[in-house]
>>> print(open('work06.tsv').read())   # TSV, C-alpha atoms and all ligand atoms
chain	number	residue	atom	x	y	z
Z	896	MET	CA	7.93	-1.68	-20.53
Z	897	PRO	CA	4.85	-1.25	-18.32
Z	898	VAL	CA	4.76	2.09	-16.49
Z	899	ILE	CA	4.21	1.63	-12.73
Z	900	ARG	CA	3.00	4.58	-10.67
Z	901	HIS	CA	2.17	2.92	-7.33
Z	902	LEU	CA	4.68	1.21	-5.07
Z	903	TYR	CA	4.10	-0.68	-1.82
Z	904	PHE	CA	6.84	-1.63	0.67
Z	905	HIS	CA	6.16	-4.32	3.27
Z	906	ILE	CA	8.20	-3.92	6.46
Z	907	PRO	CA	7.43	-7.09	8.42
Z	908	PHE	CA	8.53	-6.04	11.91
Z	909	CYS	CA	6.29	-5.30	14.90
Z	910	PRO	CA	7.02	-4.64	18.57
Z	911	LYS	CA	4.55	-7.40	19.51
Z	912	LEU	CA	2.10	-9.59	17.58
Z	913	CYS	CA	-1.50	-8.36	17.96
Z	914	PRO	CA	-3.83	-11.32	18.55
Z	915	TYR	CA	-6.27	-10.35	15.74
Z	916	CYS	CA	-3.70	-9.63	13.04
Z	917	SER	CA	-2.95	-11.90	10.08
Z	918	PHE	CA	-0.46	-9.76	8.20
Z	919	TYR	CA	2.94	-11.36	7.66
Z	920	VAL	CA	5.00	-9.96	10.54
Z	921	GLU	CA	7.73	-11.01	12.93
Z	922	THR	CA	8.48	-9.70	16.39
Z	923	GLY	CA	12.15	-10.51	17.00
Z	924	SER	CA	14.91	-8.34	15.62
Z	925	LYS	CA	17.10	-11.09	14.18
Z	926	ASN	CA	16.08	-10.33	10.57
Z	927	LYS	CA	15.85	-6.57	11.10
Z	928	THR	CA	19.24	-6.15	9.49
Z	929	THR	CA	21.09	-4.06	6.95
Z	930	ALA	CA	21.03	-7.16	4.71
Z	931	PHE	CA	17.21	-6.99	4.67
Z	932	LEU	CA	17.31	-3.29	3.76
Z	933	ASP	CA	19.84	-4.07	1.03
Z	934	ALA	CA	17.49	-6.76	-0.28
Z	935	LEU	CA	14.63	-4.24	-0.51
Z	936	LEU	CA	16.83	-1.77	-2.40
Z	937	ARG	CA	18.09	-4.57	-4.64
Z	938	GLU	CA	14.50	-5.61	-5.36
Z	939	VAL	CA	13.79	-2.06	-6.55
Z	940	GLU	CA	16.79	-2.24	-8.90
Z	941	LEU	CA	15.59	-5.60	-10.25
Z	942	ALA	CA	12.10	-4.17	-10.80
Z	943	LYS	CA	13.56	-1.25	-12.75
Z	944	ALA	CA	15.01	-3.69	-15.28
Z	945	GLY	CA	11.51	-4.82	-16.28
Z	946	HIS	CA	9.30	-1.83	-15.44
Z	947	ASP	CA	9.31	1.90	-15.96
Z	948	LEU	CA	8.98	3.09	-12.34
Z	949	ARG	CA	7.46	6.57	-12.13
Z	950	PRO	CA	6.00	6.66	-8.62
Z	951	GLN	CA	3.05	8.93	-7.95
Z	952	THR	CA	2.25	7.17	-4.67
Z	953	ILE	CA	4.40	5.14	-2.30
Z	954	TYR	CA	2.96	3.26	0.68
Z	955	PHE	CA	5.10	1.85	3.48
Z	956	GLY	CA	3.00	-0.72	5.33
Z	957	GLY	CA	3.41	-3.88	7.28
Z	958	GLY	CA	3.98	-4.81	9.81
Z	959	THR	CA	5.21	-1.60	11.28
Z	960	PRO	CA	7.59	0.39	9.10
Z	961	SER	CA	8.15	2.79	12.00
Z	962	ALA	CA	9.66	-0.13	13.96
Z	963	LEU	CA	12.87	0.42	11.98
Z	964	THR	CA	15.45	2.50	13.84
Z	965	GLY	CA	16.29	6.05	12.78
Z	966	GLU	CA	19.55	4.82	11.27
Z	967	GLN	CA	17.82	2.05	9.35
Z	968	LEU	CA	15.21	4.48	8.04
Z	969	GLU	CA	17.86	6.93	6.87
Z	970	TYR	CA	19.65	4.13	5.05
Z	971	LEU	CA	16.51	2.76	3.41
Z	972	LEU	CA	14.78	6.02	2.49
Z	973	GLY	CA	18.05	7.58	1.29
Z	974	GLY	CA	18.70	4.44	-0.76
Z	975	LEU	CA	15.29	4.71	-2.36
Z	976	ARG	CA	15.80	8.36	-3.22
Z	977	ALA	CA	19.02	7.43	-4.99
Z	978	ARG	CA	17.26	4.76	-7.05
Z	979	LEU	CA	13.86	6.22	-7.89
Z	980	ASP	CA	12.65	9.30	-9.71
Z	981	PHE	CA	10.64	11.17	-7.07
Z	982	SER	CA	9.72	14.11	-9.32
Z	983	GLY	CA	6.17	12.86	-9.92
Z	984	LEU	CA	5.55	11.70	-6.34
Z	985	THR	CA	2.42	13.23	-4.83
Z	986	GLU	CA	1.74	10.99	-1.82
Z	987	TRP	CA	4.09	8.97	0.37
Z	988	THR	CA	2.33	7.22	3.25
Z	989	PHE	CA	4.04	5.66	6.24
Z	990	GLU	CA	2.21	3.40	8.72
Z	991	VAL	CA	3.09	4.15	12.32
Z	992	ASN	CA	2.38	2.21	15.49
Z	993	PRO	CA	2.10	4.84	18.27
Z	994	ALA	CA	4.66	3.04	20.43
Z	995	THR	CA	7.41	3.39	17.84
Z	996	VAL	CA	7.74	7.09	17.01
Z	997	ARG	CA	9.21	9.96	19.03
Z	998	ALA	CA	10.07	13.49	17.86
Z	999	GLU	CA	13.40	12.57	16.26
Z	1000	LYS	CA	11.98	9.80	14.07
Z	1001	ALA	CA	9.00	11.96	13.14
Z	1002	ARG	CA	11.36	14.72	11.97
Z	1003	LEU	CA	13.44	12.19	10.06
Z	1004	LEU	CA	10.38	10.89	8.18
Z	1005	LYS	CA	9.24	14.41	7.36
Z	1006	GLY	CA	12.74	15.34	6.18
Z	1007	ALA	CA	12.92	12.23	3.99
Z	1008	GLY	CA	9.84	13.36	2.08
Z	1009	VAL	CA	7.07	11.26	3.65
Z	1010	THR	CA	3.84	13.24	3.16
Z	1011	ARG	CA	1.20	11.19	4.93
Z	1012	ILE	CA	1.07	9.21	8.19
Z	1013	SER	CA	-1.31	6.40	8.99
Z	1014	LEU	CA	-1.42	6.01	12.76
Z	1015	GLY	CA	-2.66	2.69	14.19
Z	1016	VAL	CA	-4.68	3.96	17.16
Z	1017	GLN	CA	-7.52	1.36	17.03
Z	1018	SER	CA	-9.30	2.74	20.10
Z	1019	TRP	CA	-9.02	5.58	22.60
Z	1020	ASP	CA	-10.13	3.25	25.40
Z	1021	ASP	CA	-7.35	1.72	27.52
Z	1022	ALA	CA	-9.37	-1.37	28.46
Z	1023	LEU	CA	-10.09	-2.14	24.79
Z	1024	LEU	CA	-6.47	-1.48	23.84
Z	1025	LYS	CA	-5.58	-4.22	26.36
Z	1026	THR	CA	-8.16	-6.57	24.82
Z	1027	LEU	CA	-6.57	-5.83	21.44
Z	1028	GLY	CA	-3.13	-6.67	22.86
Z	1029	ARG	CA	-1.74	-3.30	21.81
Z	1030	VAL	CA	1.65	-2.17	23.12
Z	1031	HIS	CA	0.51	1.43	23.66
Z	1032	ASP	CA	-2.21	3.11	25.69
Z	1033	ALA	CA	-4.47	5.97	24.59
Z	1034	ALA	CA	-2.25	8.66	26.15
Z	1035	GLN	CA	0.77	7.43	24.20
Z	1036	ALA	CA	-1.25	7.37	20.96
Z	1037	GLU	CA	-2.33	10.96	21.54
Z	1038	GLU	CA	1.21	12.01	22.36
Z	1039	THR	CA	2.43	10.44	19.09
Z	1040	PHE	CA	-0.31	12.21	17.13
Z	1041	VAL	CA	0.77	15.55	18.65
Z	1042	THR	CA	4.43	14.73	17.98
Z	1043	LEU	CA	3.68	13.99	14.31
Z	1044	ARG	CA	1.79	17.27	13.98
Z	1045	GLY	CA	4.71	19.04	15.65
Z	1046	ALA	CA	7.08	17.54	13.06
Z	1047	GLY	CA	4.97	19.17	10.34
Z	1048	PHE	CA	2.72	16.35	9.15
Z	1049	ASP	CA	-0.49	17.94	7.87
Z	1050	ASN	CA	-1.96	14.74	6.45
Z	1051	ILE	CA	-2.60	12.13	9.14
Z	1052	ASN	CA	-4.91	9.13	9.06
Z	1053	ILE	CA	-6.13	7.47	12.25
Z	1054	ASP	CA	-6.89	3.74	12.05
Z	1055	LEU	CA	-9.75	2.59	14.28
Z	1056	MET	CA	-11.33	-0.82	14.83
Z	1057	PHE	CA	-14.90	-1.58	15.84
Z	1058	ALA	CA	-16.74	-4.84	16.63
Z	1059	VAL	CA	-14.06	-5.61	19.20
Z	1060	PRO	CA	-15.01	-8.22	21.83
Z	1061	GLY	CA	-16.70	-6.52	24.78
Z	1062	GLN	CA	-16.87	-3.11	23.06
Z	1063	SER	CA	-19.85	-1.03	24.13
Z	1064	LEU	CA	-21.72	1.64	22.16
Z	1065	THR	CA	-20.57	4.21	24.71
Z	1066	GLN	CA	-16.92	3.25	24.25
Z	1067	TRP	CA	-17.23	3.62	20.47
Z	1068	GLU	CA	-19.07	6.92	20.79
Z	1069	ALA	CA	-16.22	8.23	22.95
Z	1070	THR	CA	-13.58	6.93	20.51
Z	1071	LEU	CA	-15.30	8.65	17.58
Z	1072	ALA	CA	-15.62	11.89	19.58
Z	1073	LYS	CA	-11.95	11.81	20.63
Z	1074	THR	CA	-10.87	11.12	17.03
Z	1075	ILE	CA	-12.93	14.04	15.73
Z	1076	ALA	CA	-11.58	16.35	18.45
Z	1077	LEU	CA	-7.99	15.66	17.31
Z	1078	ARG	CA	-8.90	16.84	13.78
Z	1079	PRO	CA	-7.02	14.29	11.63
Z	1080	GLU	CA	-7.42	14.56	7.84
Z	1081	HIS	CA	-8.54	10.96	7.37
Z	1082	VAL	CA	-10.05	8.12	9.41
Z	1083	SER	CA	-10.02	4.42	8.51
Z	1084	SER	CA	-12.60	2.59	10.58
Z	1085	TYR	CA	-12.32	-1.17	10.15
Z	1086	CYS	CA	-14.79	-3.77	11.30
Z	1087	LEU	CA	-12.77	-6.42	13.14
Z	1088	THR	CA	-12.50	-9.60	11.10
Z	1089	TYR	CA	-11.67	-12.89	12.73
Z	1090	GLU	CA	-8.84	-14.03	10.46
Z	1091	GLU	CA	-7.91	-17.70	10.40
Z	1092	ASP	CA	-4.70	-18.60	12.21
Z	1093	THR	CA	-5.02	-15.79	14.74
Z	1094	ALA	CA	-5.49	-16.05	18.51
Z	1095	TYR	CA	-8.79	-14.17	18.12
Z	1096	PHE	CA	-10.08	-16.77	15.66
Z	1097	ARG	CA	-9.30	-19.56	18.11
Z	1098	GLN	CA	-11.08	-17.72	20.91
Z	1099	LEU	CA	-14.11	-17.31	18.68
Z	1100	GLN	CA	-14.10	-21.03	17.97
Z	1101	LEU	CA	-13.73	-21.82	21.66
Z	1102	GLY	CA	-16.65	-19.53	22.46
Z	1103	THR	CA	-14.59	-17.17	24.63
Z	1104	PHE	CA	-15.45	-14.45	22.12
Z	1105	ARG	CA	-18.92	-14.10	20.61
Z	1106	GLN	CA	-19.97	-12.07	17.59
Z	1107	ASP	CA	-22.83	-9.65	18.01
Z	1108	ASP	CA	-24.04	-8.69	14.53
Z	1109	GLU	CA	-26.71	-6.34	15.82
Z	1110	ARG	CA	-24.27	-4.36	17.97
Z	1111	ASP	CA	-21.72	-4.26	15.12
Z	1112	ALA	CA	-24.33	-2.89	12.71
Z	1113	THR	CA	-25.15	-0.16	15.23
Z	1114	LEU	CA	-21.44	0.69	15.67
Z	1115	PHE	CA	-21.09	0.98	11.88
Z	1116	GLU	CA	-24.17	3.23	11.65
Z	1117	MET	CA	-22.80	5.42	14.44
Z	1118	THR	CA	-19.60	5.85	12.40
Z	1119	MET	CA	-21.51	6.68	9.22
Z	1120	ASP	CA	-23.38	9.37	11.15
Z	1121	ALA	CA	-20.64	10.88	13.33
Z	1122	LEU	CA	-17.75	11.22	10.88
Z	1123	PRO	CA	-19.68	12.82	7.99
Z	1124	ALA	CA	-21.33	15.20	10.49
Z	1125	ALA	CA	-17.78	16.28	11.43
Z	1126	GLY	CA	-16.73	16.93	7.83
Z	1127	PHE	CA	-15.33	13.55	6.76
Z	1128	ALA	CA	-16.88	12.08	3.62
Z	1129	GLN	CA	-17.22	8.29	3.51
Z	1130	TYR	CA	-15.44	7.74	0.18
Z	1131	GLU	CA	-15.11	3.98	0.73
Z	1132	ILE	CA	-16.90	1.64	3.06
Z	1133	SER	CA	-14.17	1.87	5.76
Z	1134	ASN	CA	-12.55	5.18	4.81
Z	1135	TYR	CA	-13.49	8.75	5.60
Z	1136	ALA	CA	-11.63	11.88	4.47
Z	1137	ARG	CA	-11.81	15.63	4.64
Z	1138	PRO	CA	-12.21	17.13	1.15
Z	1139	GLY	CA	-9.15	16.42	-1.00
Z	1140	ARG	CA	-7.57	14.16	1.65
Z	1141	GLU	CA	-8.61	10.79	0.22
Z	1142	SER	CA	-5.71	8.33	-0.04
Z	1143	ALA	CA	-4.49	8.44	-3.65
Z	1144	HIS	CA	-2.67	5.13	-3.17
Z	1145	ASN	CA	-5.78	3.28	-2.01
Z	1146	ASN	CA	-7.87	4.93	-4.72
Z	1147	ALA	CA	-5.39	3.61	-7.30
Z	1148	TYR	CA	-5.84	0.04	-6.00
Z	1149	TRP	CA	-9.61	0.39	-6.08
Z	1150	LEU	CA	-9.55	1.72	-9.65
Z	1151	GLY	CA	-7.51	-1.30	-10.73
Z	1152	ALA	CA	-4.18	0.47	-11.42
Z	1153	ASP	CA	-1.01	-1.62	-11.72
Z	1154	TYR	CA	1.24	-1.64	-8.65
Z	1155	LEU	CA	4.45	-3.26	-7.50
Z	1156	GLY	CA	4.97	-4.54	-3.97
Z	1157	PHE	CA	8.41	-4.95	-2.40
Z	1158	GLY	CA	9.41	-7.02	0.61
Z	1159	PRO	CA	8.32	-10.39	1.99
Z	1160	SER	CA	4.67	-11.31	1.37
Z	1161	ALA	CA	4.04	-8.22	-0.80
Z	1162	PHE	CA	1.64	-8.60	-3.72
Z	1163	SER	CA	2.11	-7.04	-7.16
Z	1164	THR	CA	-0.34	-6.78	-10.04
Z	1165	VAL	CA	0.81	-5.74	-13.50
Z	1166	CYS	CA	-1.50	-6.12	-16.50
Z	1167	LEU	CA	-3.17	-9.43	-15.76
Z	1168	ARG	CA	-0.33	-10.97	-13.79
Z	1169	ARG	CA	-0.47	-11.11	-9.99
Z	1170	TRP	CA	2.29	-12.45	-7.80
Z	1171	GLN	CA	3.33	-12.54	-4.18
Z	1172	ALA	CA	6.79	-12.56	-2.64
Z	1173	LEU	CA	7.77	-15.27	-0.19
Z	1174	PRO	CA	6.39	-14.54	3.31
Z	1175	ASP	CA	9.71	-15.32	5.01
Z	1176	THR	CA	12.09	-12.44	5.75
Z	1177	ALA	CA	15.29	-14.46	6.11
Z	1178	GLU	CA	14.69	-16.47	2.96
Z	1179	TYR	CA	13.48	-13.40	1.05
Z	1180	THR	CA	16.71	-11.60	1.97
Z	1181	ARG	CA	18.91	-14.56	1.10
Z	1182	ARG	CA	17.28	-15.14	-2.27
Z	1183	ILE	CA	17.23	-11.51	-3.40
Z	1184	LEU	CA	20.89	-11.03	-2.50
Z	1185	ALA	CA	21.77	-14.31	-4.27
Z	1186	GLY	CA	19.94	-13.15	-7.39
Z	1187	GLU	CA	17.21	-15.82	-7.04
Z	1188	SER	CA	13.47	-15.34	-7.54
Z	1189	VAL	CA	11.31	-14.63	-4.49
Z	1190	GLU	CA	8.03	-15.40	-6.24
Z	1191	HIS	CA	5.94	-17.48	-3.89
Z	1192	PHE	CA	2.69	-17.46	-5.81
Z	1193	VAL	CA	1.82	-16.38	-9.36
Z	1194	GLU	CA	-1.56	-16.08	-10.99
Z	1195	GLU	CA	-2.57	-15.11	-14.53
Z	1196	LEU	CA	-5.92	-13.38	-14.16
Z	1197	SER	CA	-8.49	-13.60	-16.92
Z	1198	PRO	CA	-9.87	-10.22	-18.08
Z	1199	ALA	CA	-13.25	-11.26	-16.63
Z	1200	THR	CA	-11.74	-12.09	-13.22
Z	1201	ARG	CA	-9.88	-8.77	-13.11
Z	1202	ALA	CA	-13.02	-6.86	-14.14
Z	1203	GLY	CA	-14.91	-8.63	-11.32
Z	1204	GLU	CA	-12.24	-7.68	-8.77
Z	1205	ILE	CA	-12.28	-4.05	-9.88
Z	1206	ALA	CA	-16.09	-3.94	-9.71
Z	1207	ALA	CA	-15.98	-5.47	-6.21
Z	1208	PHE	CA	-13.64	-2.66	-5.10
Z	1209	ALA	CA	-15.52	0.05	-6.99
Z	1210	VAL	CA	-18.91	-0.83	-5.54
Z	1211	ARG	CA	-17.53	-0.16	-2.05
Z	1212	THR	CA	-16.52	3.40	-3.05
Z	1213	ARG	CA	-18.52	6.64	-3.09
Z	1214	GLU	CA	-18.34	6.77	-6.92
Z	1215	GLY	CA	-19.61	3.20	-7.28
Z	1216	ILE	CA	-19.70	1.51	-10.70
Z	1217	ALA	CA	-20.50	3.01	-14.11
Z	1218	GLY	CA	-23.96	1.81	-15.13
Z	1219	ARG	CA	-22.65	0.53	-18.49
Z	1220	ASP	CA	-20.02	-1.64	-16.73
Z	1221	LEU	CA	-22.80	-3.42	-14.84
Z	1222	ALA	CA	-24.01	-4.86	-18.15
Z	1223	ARG	CA	-21.40	-7.61	-17.61
Z	1224	TRP	CA	-23.55	-8.88	-14.73
Z	1225	PRO	CA	-27.08	-9.22	-16.11
Z	1226	GLY	CA	-29.79	-9.02	-13.48
Z	1227	MET	CA	-27.41	-7.80	-10.75
Z	1228	MET	CA	-28.80	-4.25	-10.60
Z	1229	GLU	CA	-32.42	-5.44	-10.49
Z	1230	GLU	CA	-31.67	-8.02	-7.78
Z	1231	PHE	CA	-29.80	-5.64	-5.47
Z	1232	ALA	CA	-32.07	-2.67	-6.21
Z	1233	ALA	CA	-35.07	-4.81	-5.20
Z	1234	LEU	CA	-33.31	-5.61	-1.91
Z	1235	GLY	CA	-32.65	-1.88	-1.43
Z	1236	PHE	CA	-28.85	-2.33	-1.57
Z	1237	LEU	CA	-27.99	-0.54	-4.84
Z	1238	GLU	CA	-29.36	2.63	-6.42
Z	1239	LYS	CA	-28.70	4.70	-9.55
Z	1240	ARG	CA	-27.04	8.09	-9.16
Z	1241	GLY	CA	-26.80	9.69	-12.62
Z	1242	ASP	CA	-24.91	7.20	-14.77
Z	1243	ARG	CA	-23.36	5.50	-11.72
Z	1244	VAL	CA	-24.63	2.73	-9.48
Z	1245	VAL	CA	-23.87	3.10	-5.78
Z	1246	LEU	CA	-24.60	1.37	-2.48
Z	1247	THR	CA	-27.55	2.69	-0.49
Z	1248	ARG	CA	-27.12	3.18	3.26
Z	1249	ARG	CA	-28.71	-0.24	3.74
Z	1250	GLY	CA	-26.41	-1.63	1.03
Z	1251	LYS	CA	-23.37	-0.32	2.91
Z	1252	MET	CA	-24.32	-2.60	5.79
Z	1253	MET	CA	-24.16	-5.51	3.33
Z	1254	ALA	CA	-21.16	-4.27	1.31
Z	1255	ASP	CA	-19.18	-7.51	1.58
Z	1256	SER	CA	-22.05	-9.62	0.21
Z	1257	VAL	CA	-22.71	-7.18	-2.65
Z	1258	ALA	CA	-19.00	-7.02	-3.54
Z	1259	GLU	CA	-18.71	-10.82	-3.46
Z	1260	ALA	CA	-21.39	-11.13	-6.10
Z	1261	PHE	CA	-18.97	-9.60	-8.64
Z	1262	VAL	CA	-16.10	-12.04	-8.12
T	1301	LIG	C1	-0.52	-2.86	9.26
T	1301	LIG	S1	-1.62	-2.25	10.43
T	1301	LIG	C2	-1.17	-0.54	10.83
T	1301	LIG	C3	0.15	-0.11	11.40
T	1301	LIG	C4	0.70	-0.73	12.65
T	1301	LIG	N1	1.13	-2.05	12.35
T	1301	LIG	C5	-0.29	-0.73	13.78
T	1301	LIG	O1	-0.95	-1.74	13.96
T	1301	LIG	O2	-0.33	0.27	14.51
T	1301	LIG	C6	-3.03	-1.85	9.47
T	1301	LIG	C7	-4.38	-1.72	10.14
T	1301	LIG	O3	-5.17	-2.83	9.82
T	1301	LIG	C8	-6.20	-2.95	10.77
T	1301	LIG	N2	-6.37	-4.38	11.07
T	1301	LIG	C9	-5.39	-5.28	11.31
T	1301	LIG	N3	-5.94	-6.51	11.53
T	1301	LIG	C10	-7.29	-6.36	11.41
T	1301	LIG	C11	-8.41	-7.26	11.54
T	1301	LIG	N4	-8.24	-8.54	11.84
T	1301	LIG	N5	-9.65	-6.75	11.35
T	1301	LIG	C12	-9.83	-5.45	11.04
T	1301	LIG	N6	-8.81	-4.56	10.92
T	1301	LIG	C13	-7.56	-5.02	11.11
T	1301	LIG	C14	-5.79	-2.13	11.98
T	1301	LIG	O4	-6.65	-1.02	12.11
T	1301	LIG	C15	-4.39	-1.68	11.62
T	1301	LIG	O5	-4.12	-0.38	12.10
T	1302	LIG	S1	-1.91	-4.76	13.85
T	1302	LIG	FE1	-0.05	-3.68	13.26
T	1302	LIG	S2	1.30	-3.82	15.12
T	1302	LIG	FE2	-0.29	-5.34	15.36
T	1302	LIG	S3	0.65	-7.23	14.55
T	1302	LIG	FE3	-0.59	-6.30	12.89
T	1302	LIG	S4	0.83	-5.09	11.73
T	1302	LIG	FE4	1.81	-5.51	13.73
>>> encode(input="work06.tsv", output="structure tokens", more="lines below")
Ligand SMILES: C[S@@+](CC[C@H](N)C(=O)[O-])C[C@H]1O[C@@H](n2cnc3c(N)ncnc32)[C@H](O)[C@@H]1O
Ligand code: SF4
Amino acid sequence: MPVIRHLYFHIPFCPKLCPYCSFYVETGSKNKTTAFLDALLREVELAKAGHDLRPQTIYFGGGTPSALTGEQLEYLLGGLRARLDFSGLTEWTFEVNPATVRAEKARLLKGAGVTRISLGVQSWDDALLKTLGRVHDAAQAEETFVTLRGAGFDNINIDLMFAVPGQSLTQWEATLAKTIALRPEHVSSYCLTYEEDTAYFRQLQLGTFRQDDERDATLFEMTMDALPAAGFAQYEISNYARPGRESAHNNAYWLGADYLGFGPSAFSTVCLRRWQALPDTAEYTRRILAGESVEHFVEELSPATRAGEIAAFAVRTREGIAGRDLARWPGMMEEFAALGFLEKRGDRVVLTRRGKMMADSVAEAFV
């Protein structure tokens, strides 16, 4: 039986749909039921029949896992504890939208054993938060950060987004400064992507929004300067951590470890098999509880495809790729080194600062 050490749970509920977001989420509460929680717990039991689950990392993402009520969280997290061996668990991350957590819920999460919080702040600028369609303002995000600290969380990530329509260099400078002043352990700084089937994508097509590559490159450079100067190492293109505070769960993905995902739309990869659960909460719940399969998409990866995926992740990390692994892609090092995008560091090959600006193109070359 394959041993699985990394588990992901997709909680598809959000207070409101953000216009840039393409994750599978729903905003009503009609499927936010005990039956859905039972389906998640049942899915864990089903997985145990075919896999040896020994979680080292658990990640609750979405969607907004913190959108569940206190009662629902107690039921779900207690149910998981009864079904899984937590003795080897070193990191349990919970994604939080600032509008959804007050002191009581923060204490509940801490008491349940959650070790790490990922707080979706996006910006400390109220005007930009409006542009992003967020349900919270900057003051509420700060209050939630303080509340989480007060509940005892000593490992908090702040999610930020740059390249937002209308965002100025000054606004980003202030957001970076405010983030640093709060002293989180980790910062994820994502470049906004215009995902198909989002309101933002349509506005880009209509010309209401315009991309400004030069400004976005400057915003990225500002991040790469400000966060390391404040003690955060850029250990992946979008991720910065204080020493020892890198996300073990994300590192496991990037190293190509096997993982199981639970919940609607969640992906799993075990050996060379990848599958995704149905992105439909009601149907997911019905099928799991009826003992039917929820597989929506299955793919058998070839070893070469999987190696390419892992290299594409690895090249975006601080450790880069082992020089000998690059032998699979003849000429790649020479081509990217000549462009000034890749360089050798000991027996590893890593992105240069210029290469980091082109990380997506370099990574794509491996897949
Ligand atoms: C599942 S959400 C985090 C938790 C919670 N749902 C929230 O938004 O506060 C994960 C993160 O992905 C990032 N994200 C979502 N859509 C994005 C997009 N189109 N481009 C770049 N980053 C995006 C945001 O920073 C967001 O915080
Ligand atoms: S960004 Fe977060 S809160 Fe907004 S729709 Fe996506 S998952 Fe939900």
>>> residues_near_ligand(input="work06.tsv", ligand="ligand LIG 1301 (chain T)", cutoff="6 Å", atoms="all atoms listed in the file", output="PyMOL selection string")
chain Z and resi 915-916+956-959+990-992+1015+1017+1054-1056+1085-1090
>>> closest_residue(input="work06.tsv", among="Z:Tyr1130, Z:Ala1007, Z:Pro1060, Z:Ala1177", to="Z:Phe1096", atoms="only C-alpha atoms")
Z:Pro1060
>>> closest_residue(input="work06.tsv", among="Z:Gly1045, Z:Gly1250, Z:Pro960, Z:Gly1061", to="ligand LIG 1302 (chain T)", atoms="all atoms listed in the file")
Z:Pro960
>>> closest_residue(input="work06.tsv", among="Z:Thr985, Z:Asn1050, Z:Ser917, Z:Thr1093", to="ligand LIG 1302 (chain T)", atoms="only C-alpha atoms and all ligand atoms")
Z:Ser917
>>> residues_around(input="work06.tsv", residues="stretch 1199-1202 of chain Z", least_positions_apart="2", cutoff="12 Å", atoms="all atoms listed in the file", output="PyMOL selection string")
chain Z and resi 1149-1153+1164-1169+1194-1197+1204-1209+1216+1220-1224+1261-1262
>>> atom_distance(input="work06.tsv", atom1="atom CA of Z:Thr964", atom2="atom CA of Z:Phe1157")
19.2 Å
>>> residues_around(input="work06.tsv", residues="Z:Tyr954", least_positions_apart="4", cutoff="8 Å", atoms="only C-alpha atoms", output="list in words")
Leu902, Tyr903, Phe904, Trp987, Thr988, Phe989 and His1144 of chain Z
>>> atom_distance(input="work06.tsv", atom1="atom CA of Z:Val1244", atom2="atom CA of Z:Ala1260")
14.6 Å
